[in-house]
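Data file: input.pdb. Format and content: PDB, C-alpha atoms, pLDDT in the B column.
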```pdb
MODEL        1
ATOM      1  CA  MET F   1      15.525   1.356   8.692  1.00 96.00           C
ATOM      2  CA  LYS F   2      13.931   4.781   8.522  1.00 98.00           C
ATOM      3  CA  LEU F   3      10.520   4.091   7.061  1.00 98.00           C
ATOM      4  CA  ILE F   4       7.720   6.450   6.075  1.00 98.00           C
ATOM      5  CA  ILE F   5       4.168   5.146   5.794  1.00 98.00           C
ATOM      6  CA  PHE F   6       1.633   7.130   3.801  1.00 98.00           C
ATOM      7  CA  GLY F   7      -1.947   6.476   4.842  1.00 97.00           C
ATOM      8  CA  ALA F   8      -0.673   5.600   8.316  1.00 97.00           C
ATOM      9  CA  THR F   9      -4.030   6.008  10.066  1.00 97.00           C
ATOM     10  CA  GLY F  10      -5.971   3.817   7.631  1.00 96.00           C
ATOM     11  CA  THR F  11      -7.079   0.313   8.521  1.00 95.00           C
ATOM     12  CA  VAL F  12      -4.003  -1.283   6.938  1.00 97.00           C
ATOM     13  CA  GLY F  13      -1.588   1.601   7.466  1.00 97.00           C
ATOM     14  CA  ARG F  14      -2.210   1.610  11.210  1.00 97.00           C
ATOM     15  CA  LEU F  15      -1.335  -2.084  11.441  1.00 98.00           C
ATOM     16  CA  ALA F  16       1.754  -1.553   9.287  1.00 98.00           C
ATOM     17  CA  VAL F  17       2.919   1.174  11.667  1.00 98.00           C
ATOM     18  CA  GLU F  18       2.486  -1.123  14.670  1.00 97.00           C
ATOM     19  CA  LYS F  19       4.311  -4.022  13.025  1.00 97.00           C
ATOM     20  CA  ALA F  20       7.141  -1.835  11.737  1.00 98.00           C
ATOM     21  CA  LEU F  21       7.725  -0.431  15.212  1.00 98.00           C
ATOM     22  CA  ALA F  22       7.658  -3.935  16.690  1.00 97.00           C
ATOM     23  CA  GLU F  23      10.335  -4.951  14.181  1.00 97.00           C
ATOM     24  CA  GLY F  24      12.612  -2.108  15.252  1.00 97.00           C
ATOM     25  CA  HIS F  25      12.138   0.365  12.411  1.00 98.00           C
ATOM     26  CA  ARG F  26      12.038   4.125  12.932  1.00 98.00           C
ATOM     27  CA  VAL F  27       8.659   5.041  11.535  1.00 98.00           C
ATOM     28  CA  THR F  28       7.297   8.335  10.231  1.00 98.00           C
ATOM     29  CA  ALA F  29       3.516   8.142  10.102  1.00 98.00           C
ATOM     30  CA  PHE F  30       2.277  10.566   7.452  1.00 98.00           C
ATOM     31  CA  ALA F  31      -1.442  11.331   7.542  1.00 96.00           C
ATOM     32  CA  ARG F  32      -3.859  14.230   7.695  1.00 94.00           C
ATOM     33  CA  ARG F  33      -4.588  13.430  11.351  1.00 95.00           C
ATOM     34  CA  PRO F  34      -1.659  11.396  12.677  1.00 94.00           C
ATOM     35  CA  ALA F  35      -2.724  12.099  16.260  1.00 93.00           C
ATOM     36  CA  ALA F  36      -5.251   9.308  15.704  1.00 94.00           C
ATOM     37  CA  LEU F  37      -2.353   6.918  16.315  1.00 95.00           C
ATOM     38  CA  GLU F  38      -2.318   6.356  20.060  1.00 89.00           C
ATOM     39  CA  SER F  39       1.112   4.734  20.246  1.00 92.00           C
ATOM     40  CA  ASP F  40       3.730   6.391  22.435  1.00 91.00           C
ATOM     41  CA  HIS F  41       6.571   4.361  20.928  1.00 96.00           C
ATOM     42  CA  PRO F  42       9.860   6.291  20.979  1.00 97.00           C
ATOM     43  CA  ASN F  43      10.611   5.328  17.363  1.00 98.00           C
ATOM     44  CA  LEU F  44       7.354   6.801  16.050  1.00 98.00           C
ATOM     45  CA  THR F  45       7.240  10.253  14.469  1.00 97.00           C
ATOM     46  CA  ARG F  46       3.810  11.625  13.617  1.00 97.00           C
ATOM     47  CA  LEU F  47       3.744  13.944  10.639  1.00 97.00           C
ATOM     48  CA  ALA F  48       0.595  15.823   9.678  1.00 97.00           C
ATOM     49  CA  GLY F  49       0.223  16.440   5.978  1.00 97.00           C
ATOM     50  CA  ASP F  50      -1.856  15.906   2.882  1.00 97.00           C
ATOM     51  CA  VAL F  51      -0.508  13.503   0.283  1.00 97.00           C
ATOM     52  CA  LEU F  52      -2.056  15.783  -2.355  1.00 97.00           C
ATOM     53  CA  ASP F  53       0.411  18.513  -1.284  1.00 98.00           C
ATOM     54  CA  PRO F  54       3.659  17.757  -3.161  1.00 98.00           C
ATOM     55  CA  ASP F  55       5.749  20.065  -0.977  1.00 98.00           C
ATOM     56  CA  ALA F  56       4.601  18.348   2.215  1.00 98.00           C
ATOM     57  CA  VAL F  57       5.345  14.951   0.702  1.00 98.00           C
ATOM     58  CA  ASP F  58       8.766  16.092  -0.486  1.00 98.00           C
ATOM     59  CA  ARG F  59       9.775  17.273   2.983  1.00 98.00           C
ATOM     60  CA  ALA F  60       8.512  14.056   4.543  1.00 98.00           C
ATOM     61  CA  VAL F  61      10.410  11.758   2.170  1.00 98.00           C
ATOM     62  CA  GLN F  62      13.787  13.423   2.577  1.00 98.00           C
ATOM     63  CA  GLY F  63      16.107  11.315   4.728  1.00 98.00           C
ATOM     64  CA  GLN F  64      13.987   8.147   4.633  1.00 98.00           C
ATOM     65  CA  ASP F  65      15.262   4.706   3.627  1.00 98.00           C
ATOM     66  CA  ALA F  66      11.990   3.326   2.241  1.00 98.00           C
ATOM     67  CA  ALA F  67       8.300   4.115   1.845  1.00 98.00           C
ATOM     68  CA  ILE F  68       5.056   2.209   2.121  1.00 98.00           C
ATOM     69  CA  VAL F  69       2.014   3.661   0.383  1.00 98.00           C
ATOM     70  CA  ALA F  70      -1.225   2.397   1.926  1.00 98.00           C
ATOM     71  CA  LEU F  71      -3.534   5.168   0.800  1.00 97.00           C
ATOM     72  CA  GLY F  72      -7.264   4.707   1.073  1.00 89.00           C
ATOM     73  CA  ALA F  73     -10.032   6.907  -0.205  1.00 83.00           C
ATOM     74  CA  GLY F  74     -13.088   4.675  -0.071  1.00 80.00           C
ATOM     75  CA  ARG F  75     -14.970   4.846  -3.358  1.00 80.00           C
ATOM     76  CA  LYS F  76     -13.299   8.103  -4.368  1.00 79.00           C
ATOM     77  CA  GLY F  77     -10.888   8.371  -7.266  1.00 83.00           C
ATOM     78  CA  THR F  78      -7.704  10.414  -7.819  1.00 84.00           C
ATOM     79  CA  VAL F  79      -6.315  10.459  -4.258  1.00 94.00           C
ATOM     80  CA  ARG F  80      -4.326   7.244  -4.636  1.00 97.00           C
ATOM     81  CA  ALA F  81      -2.880   8.006  -8.061  1.00 97.00           C
ATOM     82  CA  VAL F  82      -2.096  11.672  -7.473  1.00 97.00           C
ATOM     83  CA  GLY F  83      -0.760  11.090  -3.980  1.00 98.00           C
ATOM     84  CA  THR F  84       1.393   8.187  -5.122  1.00 98.00           C
ATOM     85  CA  ARG F  85       2.802  10.301  -7.936  1.00 98.00           C
ATOM     86  CA  HIS F  86       3.893  12.885  -5.384  1.00 98.00           C
ATOM     87  CA  VAL F  87       5.553  10.153  -3.319  1.00 98.00           C
ATOM     88  CA  VAL F  88       7.329   8.683  -6.348  1.00 98.00           C
ATOM     89  CA  GLU F  89       8.599  12.069  -7.513  1.00 98.00           C
ATOM     90  CA  ALA F  90       9.883  12.931  -4.041  1.00 98.00           C
ATOM     91  CA  MET F  91      11.611   9.554  -3.701  1.00 98.00           C
ATOM     92  CA  GLU F  92      13.325   9.984  -7.055  1.00 98.00           C
ATOM     93  CA  ARG F  93      14.510  13.470  -6.110  1.00 98.00           C
ATOM     94  CA  HIS F  94      15.935  12.366  -2.781  1.00 98.00           C
ATOM     95  CA  GLY F  95      17.365   8.998  -3.834  1.00 98.00           C
ATOM     96  CA  VAL F  96      15.008   6.865  -1.734  1.00 98.00           C
ATOM     97  CA  ARG F  97      14.819   3.603  -3.648  1.00 98.00           C
ATOM     98  CA  ARG F  98      12.414   1.109  -2.045  1.00 98.00           C
ATOM     99  CA  LEU F  99       8.688   1.642  -2.535  1.00 99.00           C
ATOM    100  CA  VAL F 100       6.028  -0.826  -1.442  1.00 99.00           C
ATOM    101  CA  CYS F 101       2.629   0.224  -2.763  1.00 98.00           C
ATOM    102  CA  GLN F 102      -0.682  -1.311  -1.763  1.00 98.00           C
ATOM    103  CA  SER F 103      -3.077  -1.600  -4.692  1.00 98.00           C
ATOM    104  CA  THR F 104      -5.931  -4.110  -5.093  1.00 97.00           C
ATOM    105  CA  LEU F 105      -6.494  -7.580  -6.455  1.00 97.00           C
ATOM    106  CA  GLY F 106      -8.252  -7.074  -9.760  1.00 96.00           C
ATOM    107  CA  ALA F 107      -5.944  -4.343 -11.017  1.00 97.00           C
ATOM    108  CA  GLY F 108      -4.008  -5.010 -14.183  1.00 96.00           C
ATOM    109  CA  ASP F 109      -3.726  -8.637 -15.239  1.00 96.00           C
ATOM    110  CA  SER F 110      -5.027  -9.873 -11.870  1.00 96.00           C
ATOM    111  CA  ARG F 111      -8.567  -8.979 -13.016  1.00 95.00           C
ATOM    112  CA  ALA F 112      -8.715 -12.530 -14.384  1.00 93.00           C
ATOM    113  CA  ALA F 113      -8.613 -13.877 -10.819  1.00 93.00           C
ATOM    114  CA  LEU F 114     -11.880 -12.159  -9.846  1.00 94.00           C
ATOM    115  CA  ASN F 115     -15.345 -13.679  -9.936  1.00 92.00           C
ATOM    116  CA  PHE F 116     -18.385 -12.155 -11.679  1.00 94.00           C
ATOM    117  CA  PHE F 117     -19.457 -10.214  -8.579  1.00 95.00           C
ATOM    118  CA  TRP F 118     -16.127  -8.440  -8.160  1.00 92.00           C
ATOM    119  CA  LYS F 119     -15.527  -7.852 -11.858  1.00 92.00           C
ATOM    120  CA  TYR F 120     -18.898  -6.464 -12.817  1.00 93.00           C
ATOM    121  CA  ILE F 121     -20.783  -5.414  -9.671  1.00 95.00           C
ATOM    122  CA  MET F 122     -18.117  -4.096  -7.330  1.00 92.00           C
ATOM    123  CA  PHE F 123     -15.389  -2.818  -9.659  1.00 93.00           C
ATOM    124  CA  GLY F 124     -17.696  -2.437 -12.634  1.00 91.00           C
ATOM    125  CA  LEU F 125     -20.303  -0.336 -10.839  1.00 90.00           C
ATOM    126  CA  LEU F 126     -20.035   0.367  -7.109  1.00 91.00           C
ATOM    127  CA  LEU F 127     -16.270   0.909  -6.896  1.00 92.00           C
ATOM    128  CA  ARG F 128     -15.614   2.015 -10.458  1.00 94.00           C
ATOM    129  CA  ASP F 129     -13.855   5.265  -9.480  1.00 95.00           C
ATOM    130  CA  ALA F 130     -11.700   3.556  -6.860  1.00 94.00           C
ATOM    131  CA  TYR F 131     -10.767   0.835  -9.341  1.00 95.00           C
ATOM    132  CA  ALA F 132      -9.732   3.395 -11.963  1.00 96.00           C
ATOM    133  CA  ASP F 133      -7.705   5.198  -9.293  1.00 96.00           C
ATOM    134  CA  HIS F 134      -5.809   1.997  -8.476  1.00 97.00           C
ATOM    135  CA  GLN F 135      -5.133   1.381 -12.164  1.00 97.00           C
ATOM    136  CA  ALA F 136      -3.705   4.877 -12.536  1.00 97.00           C
ATOM    137  CA  GLN F 137      -1.765   4.479  -9.294  1.00 98.00           C
ATOM    138  CA  GLU F 138      -0.099   1.318 -10.552  1.00 98.00           C
ATOM    139  CA  ALA F 139       0.845   3.024 -13.819  1.00 98.00           C
ATOM    140  CA  VAL F 140       2.623   5.773 -11.875  1.00 98.00           C
ATOM    141  CA  VAL F 141       4.640   3.238  -9.890  1.00 98.00           C
ATOM    142  CA  ARG F 142       5.468   1.052 -12.886  1.00 98.00           C
ATOM    143  CA  GLN F 143       6.806   4.019 -14.847  1.00 98.00           C
ATOM    144  CA  SER F 144       9.156   5.029 -12.045  1.00 98.00           C
ATOM    145  CA  ALA F 145      12.843   4.168 -11.733  1.00 96.00           C
ATOM    146  CA  LEU F 146      12.388   2.993  -8.142  1.00 98.00           C
ATOM    147  CA  ASP F 147      12.839  -0.448  -6.619  1.00 98.00           C
ATOM    148  CA  TRP F 148       9.091  -0.948  -6.386  1.00 98.00           C
ATOM    149  CA  ILE F 149       6.740  -3.726  -5.403  1.00 98.00           C
ATOM    150  CA  ILE F 150       2.994  -3.369  -5.955  1.00 98.00           C
ATOM    151  CA  VAL F 151       0.958  -5.536  -3.584  1.00 98.00           C
ATOM    152  CA  ARG F 152      -2.548  -6.525  -4.698  1.00 98.00           C
ATOM    153  CA  PRO F 153      -4.632  -7.702  -1.715  1.00 98.00           C
ATOM    154  CA  ALA F 154      -8.110  -9.196  -2.011  1.00 97.00           C
ATOM    155  CA  ALA F 155     -11.092  -7.809  -0.057  1.00 96.00           C
ATOM    156  CA  PHE F 156     -10.191  -6.903   3.520  1.00 97.00           C
ATOM    157  CA  THR F 157     -11.453  -8.751   6.576  1.00 97.00           C
ATOM    158  CA  ASP F 158     -10.780  -8.245  10.275  1.00 95.00           C
ATOM    159  CA  GLY F 159      -9.006 -10.647  12.556  1.00 91.00           C
ATOM    160  CA  PRO F 160      -5.465 -11.549  13.571  1.00 93.00           C
ATOM    161  CA  ALA F 161      -2.609 -12.272  11.191  1.00 95.00           C
ATOM    162  CA  THR F 162      -2.542 -15.905  10.075  1.00 96.00           C
ATOM    163  CA  GLY F 163       0.691 -15.962   8.075  1.00 94.00           C
ATOM    164  CA  THR F 164      -0.861 -18.648   5.863  1.00 95.00           C
ATOM    165  CA  TYR F 165      -2.067 -16.550   2.967  1.00 97.00           C
ATOM    166  CA  LYS F 166      -1.379 -17.114  -0.721  1.00 97.00           C
ATOM    167  CA  HIS F 167       0.840 -14.692  -2.610  1.00 97.00           C
ATOM    168  CA  GLY F 168       2.457 -14.435  -6.012  1.00 94.00           C
ATOM    169  CA  PHE F 169      -0.150 -16.678  -7.631  1.00 96.00           C
ATOM    170  CA  ALA F 170      -0.880 -16.603 -11.359  1.00 94.00           C
ATOM    171  CA  PRO F 171      -3.310 -13.942 -12.613  1.00 89.00           C
ATOM    172  CA  THR F 172      -5.603 -16.739 -13.759  1.00 86.00           C
ATOM    173  CA  GLU F 173      -5.706 -18.412 -10.325  1.00 91.00           C
ATOM    174  CA  LYS F 174      -9.295 -19.374  -9.469  1.00 86.00           C
ATOM    175  CA  ALA F 175      -8.919 -21.245  -6.166  1.00 91.00           C
ATOM    176  CA  LEU F 176      -9.012 -18.052  -4.103  1.00 96.00           C
ATOM    177  CA  ALA F 177     -11.257 -16.959  -1.254  1.00 96.00           C
ATOM    178  CA  LEU F 178     -10.943 -13.362  -2.538  1.00 96.00           C
ATOM    179  CA  LYS F 179     -10.446 -12.081   1.000  1.00 97.00           C
ATOM    180  CA  ILE F 180      -7.501 -11.369   3.284  1.00 98.00           C
ATOM    181  CA  ALA F 181      -7.159 -10.044   6.837  1.00 98.00           C
ATOM    182  CA  ARG F 182      -5.770  -6.535   7.109  1.00 98.00           C
ATOM    183  CA  ALA F 183      -3.185  -7.831   9.567  1.00 98.00           C
ATOM    184  CA  ASP F 184      -1.863 -10.263   6.961  1.00 98.00           C
ATOM    185  CA  VAL F 185      -1.713  -7.449   4.397  1.00 98.00           C
ATOM    186  CA  ALA F 186       0.361  -5.364   6.808  1.00 98.00           C
ATOM    187  CA  ASP F 187       2.638  -8.357   7.423  1.00 97.00           C
ATOM    188  CA  PHE F 188       3.232  -8.840   3.704  1.00 98.00           C
ATOM    189  CA  LEU F 189       3.850  -5.143   3.073  1.00 98.00           C
ATOM    190  CA  LEU F 190       6.569  -5.077   5.726  1.00 98.00           C
ATOM    191  CA  ARG F 191       8.224  -8.223   4.354  1.00 98.00           C
ATOM    192  CA  GLN F 192       8.653  -6.536   0.976  1.00 98.00           C
ATOM    193  CA  LEU F 193      10.979  -3.912   2.441  1.00 98.00           C
ATOM    194  CA  THR F 194      13.888  -6.359   2.501  1.00 96.00           C
ATOM    195  CA  ASP F 195      12.763  -9.219   0.234  1.00 98.00           C
ATOM    196  CA  ASP F 196      13.572  -8.920  -3.490  1.00 98.00           C
ATOM    197  CA  THR F 197      11.459 -11.914  -4.561  1.00 98.00           C
ATOM    198  CA  TYR F 198       8.814  -9.652  -6.078  1.00 98.00           C
ATOM    199  CA  LEU F 199      11.013  -6.719  -7.061  1.00 98.00           C
ATOM    200  CA  ARG F 200       9.230  -4.735  -9.809  1.00 98.00           C
ATOM    201  CA  GLN F 201       6.387  -7.251  -9.728  1.00 98.00           C
ATOM    202  CA  THR F 202       2.733  -7.178  -8.645  1.00 98.00           C
ATOM    203  CA  PRO F 203       2.060 -10.092  -6.276  1.00 98.00           C
ATOM    204  CA  GLY F 204      -1.550 -10.824  -5.411  1.00 98.00           C
ATOM    205  CA  LEU F 205      -2.576 -11.594  -1.857  1.00 98.00           C
ATOM    206  CA  SER F 206      -5.525 -13.761  -0.782  1.00 98.00           C
ATOM    207  CA  TYR F 207      -6.591 -16.821   1.184  1.00 97.00           C
TER     208      TYR F 207
ENDMDL
END
```

Go ahead and render the structure in this file as C-alpha cells.
Amino acid sequence: MKLIIFGATGTVGRLAVEKALAEGHRVTAFARRPAALESDHPNLTRLAGDVLDPDAVDRAVQGQDAAIVALGAGRKGTVRAVGTRHVVEAMERHGVRRLVCQSTLGAGDSRAALNFFWKYIMFGLLLRDAYADHQAQEAVVRQSALDWIIVRPAAFTDGPATGTYKHGFAPTEKALALKIARADVADFLLRQLTDDTYLRQTPGLSY
C-alpha cells in the first residue's frame, strides 16, 4: 500500500520506515529533516515538512492509503496533539481511512497498569507535559471518523525485535515489565495496517 509515516526520522518512525519498505509498501517519510534517512530504497519518498503546518500535512496525505503517526517531542507538549489533528483532518478530507497512532502506555484507562514510579514521578512530574500531550492526542483520534488504532507502548528500550511481546492486555494488568524494544513497537504498528483485531481500540504493548 501507499503509506505515509509522520515522525519518520524518530527512533520508532525510522524502524517503521525500514520494516514497511521490507514488506513491500511504498513509503512517504514525512519529517522536518527526512534526509536523515540514509536508505536508497526505490519505494521510499522523503518529504520535508512540519506536522504543525496543516497545508504541508494536507498535501502529503493526498493519495495515500494509510498513515502511521509516530510523533515524538521529548518532554514537550502540544506537538503530538496538534500535529495529529492536522493528520486526522487531512485524512478525513481526502478519504484516507486507516490511521495507526503511537501513544503511550499510561494514557487513558491504561494508567492503571503503571507502577508508582511511572504514575507519579515520570508522568506526574518529569514528563507531565508529554503525558498531557498524549492524552490530548488520543482524544483527537478517538473523535475522528477514521478506522483508527491507538497503540500504547511501554518505555522504549534498544535491541532487536523479539516478536514475543504482550499486547491487548487489560488496563489493570500488573504482570508487565513496563518496557518494550522500539523494533517490536515498529513491528506492531505495521501489523495494525491490515489487522482489524484492535480496530477503534487502544492496545497496550509491553513485555

| region 141-156 of chain F: which residues within 8 Å, counting all atoms listed in the file, same-chain residues fewer than 2 positions away excluded, as number ranges by chain? | F: 84-85, 88, 91-92, 96-107, 137-139, 158, 178-182, 185, 189, 192, 198-206

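Across F:Gly49, F:Pro42, F:Ile68, F:Pro34, the tightest approach to Leu190 (chain F) is made by F:Ile68 when counting only C-alpha atoms.
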
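The interatomic distance for the pair CA of Ser39 (chain F) and CA of Gly163 (chain F) works out to 24.0 Å.
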
| CA of Leu126 (chain F) to CA of Gly77 (chain F), distance in Å rounded to a single decimal | 12.2 Å

| Near-Ala56 (chain F) list (12 Å; only C-alpha atoms; drop same-chain fewer than 4 positions) as JSON, numbers by chain | {"F": [6, 30, 31, 32, 47, 48, 49, 50, 51, 52, 60, 61, 62, 83, 86, 87, 90]}

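Here the question is which of F:Arg46, F:Lys2, F:Lys119, F:Arg93 gets nearest to Gly63 (chain F) using only C-alpha atoms, and that residue is F:Lys2.
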
Could you list the residues chosen by the PyMOL selection byres ((chain F and resi 23) around 12) in this structure as an mmCIF file with C-alpha atoms, in the coordinates of the input?
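So the final result, stored in part_16.cif, reads:
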```cif
data_model
loop_
_atom_site.group_PDB
_atom_site.id
_atom_site.type_symbol
_atom_site.label_atom_id
_atom_site.label_comp_id
_atom_site.auth_asym_id
_atom_site.auth_seq_id
_atom_site.Cartn_x
_atom_site.Cartn_y
_atom_site.Cartn_z
ATOM 1 C CA MET F 1 15.525 1.356 8.692
ATOM 2 C CA LYS F 2 13.931 4.781 8.522
ATOM 3 C CA LEU F 3 10.520 4.091 7.061
ATOM 4 C CA ALA F 16 1.754 -1.553 9.287
ATOM 5 C CA VAL F 17 2.919 1.174 11.667
ATOM 6 C CA GLU F 18 2.486 -1.123 14.670
ATOM 7 C CA LYS F 19 4.311 -4.022 13.025
ATOM 8 C CA ALA F 20 7.141 -1.835 11.737
ATOM 9 C CA LEU F 21 7.725 -0.431 15.212
ATOM 10 C CA ALA F 22 7.658 -3.935 16.690
ATOM 11 C CA GLY F 24 12.612 -2.108 15.252
ATOM 12 C CA HIS F 25 12.138 0.365 12.411
ATOM 13 C CA ARG F 26 12.038 4.125 12.932
ATOM 14 C CA VAL F 27 8.659 5.041 11.535
ATOM 15 C CA ASN F 43 10.611 5.328 17.363
ATOM 16 C CA ASP F 187 2.638 -8.357 7.423
ATOM 17 C CA LEU F 190 6.569 -5.077 5.726
ATOM 18 C CA ARG F 191 8.224 -8.223 4.354
ATOM 19 C CA LEU F 193 10.979 -3.912 2.441
#
```

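Compared by their closest atoms to Val79 (chain F), and using only C-alpha atoms, the residues F:Phe188, F:Phe117, F:Tyr131, F:Tyr165 rank with F:Tyr131 nearest.
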
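As for CA of Thr197 (chain F) and CA of Thr157 (chain F), they are spaced 25.7 Å apart.
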
What would region 8-36 of chain F look like with N, CA and C atoms in place, written as a compact mmCIF listing (two decimals), keeping the file's coordinate frame?
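This is the output file result_0.txt:
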```
# COMPACT_ATOMS: atom_id res chain seq x y z
N ALA F 8 -1.04 6.30 7.08
CA ALA F 8 -0.67 5.60 8.32
C ALA F 8 -1.81 5.43 9.30
N THR F 9 -2.91 6.16 9.14
CA THR F 9 -4.03 6.01 10.07
C THR F 9 -5.17 5.19 9.46
N GLY F 10 -4.97 4.68 8.25
CA GLY F 10 -5.97 3.82 7.63
C GLY F 10 -5.98 2.44 8.27
N THR F 11 -6.91 1.61 7.86
CA THR F 11 -7.08 0.31 8.52
C THR F 11 -5.88 -0.61 8.32
N VAL F 12 -5.21 -0.50 7.17
CA VAL F 12 -4.00 -1.28 6.94
C VAL F 12 -2.77 -0.50 7.39
N GLY F 13 -2.73 0.78 7.09
CA GLY F 13 -1.59 1.60 7.47
C GLY F 13 -1.31 1.58 8.96
N ARG F 14 -2.37 1.63 9.75
CA ARG F 14 -2.21 1.61 11.21
C ARG F 14 -1.53 0.32 11.67
N LEU F 15 -1.94 -0.80 11.09
CA LEU F 15 -1.34 -2.08 11.44
C LEU F 15 0.11 -2.17 10.95
N ALA F 16 0.38 -1.57 9.80
CA ALA F 16 1.75 -1.55 9.29
C ALA F 16 2.66 -0.74 10.19
N VAL F 17 2.15 0.37 10.72
CA VAL F 17 2.92 1.17 11.67
C VAL F 17 3.27 0.35 12.89
N GLU F 18 2.27 -0.32 13.46
CA GLU F 18 2.49 -1.12 14.67
C GLU F 18 3.52 -2.23 14.43
N LYS F 19 3.39 -2.92 13.30
CA LYS F 19 4.31 -4.02 13.02
C LYS F 19 5.72 -3.51 12.75
N ALA F 20 5.82 -2.40 12.03
CA ALA F 20 7.14 -1.84 11.74
C ALA F 20 7.85 -1.43 13.02
N LEU F 21 7.13 -0.82 13.93
CA LEU F 21 7.72 -0.43 15.21
C LEU F 21 8.16 -1.66 16.00
N ALA F 22 7.33 -2.70 15.97
CA ALA F 22 7.66 -3.94 16.69
C ALA F 22 8.91 -4.59 16.12
N GLU F 23 9.16 -4.36 14.82
CA GLU F 23 10.34 -4.95 14.18
C GLU F 23 11.58 -4.08 14.32
N GLY F 24 11.45 -2.94 14.97
CA GLY F 24 12.61 -2.11 15.25
C GLY F 24 12.87 -0.98 14.29
N HIS F 25 11.96 -0.74 13.36
CA HIS F 25 12.14 0.36 12.41
C HIS F 25 11.82 1.71 13.07
N ARG F 26 12.41 2.76 12.54
CA ARG F 26 12.04 4.12 12.93
C ARG F 26 11.00 4.60 11.94
N VAL F 27 9.81 4.85 12.41
CA VAL F 27 8.66 5.04 11.54
C VAL F 27 8.16 6.48 11.57
N THR F 28 7.99 7.06 10.37
CA THR F 28 7.30 8.34 10.23
C THR F 28 5.90 8.03 9.70
N ALA F 29 4.91 8.37 10.48
CA ALA F 29 3.52 8.14 10.10
C ALA F 29 2.96 9.42 9.49
N PHE F 30 2.76 9.39 8.18
CA PHE F 30 2.28 10.57 7.45
C PHE F 30 0.78 10.41 7.22
N ALA F 31 0.02 11.38 7.70
CA ALA F 31 -1.44 11.33 7.54
C ALA F 31 -2.00 12.71 7.83
N ARG F 32 -3.23 12.93 7.43
CA ARG F 32 -3.86 14.23 7.70
C ARG F 32 -4.07 14.43 9.19
N ARG F 33 -4.37 13.34 9.90
CA ARG F 33 -4.59 13.43 11.35
C ARG F 33 -3.79 12.33 12.06
N PRO F 34 -2.48 12.45 12.09
CA PRO F 34 -1.66 11.40 12.68
C PRO F 34 -1.85 11.23 14.18
N ALA F 35 -2.46 12.22 14.82
CA ALA F 35 -2.72 12.10 16.26
C ALA F 35 -3.67 10.95 16.56
N ALA F 36 -4.35 10.45 15.52
CA ALA F 36 -5.25 9.31 15.70
C ALA F 36 -4.49 8.05 16.10
```
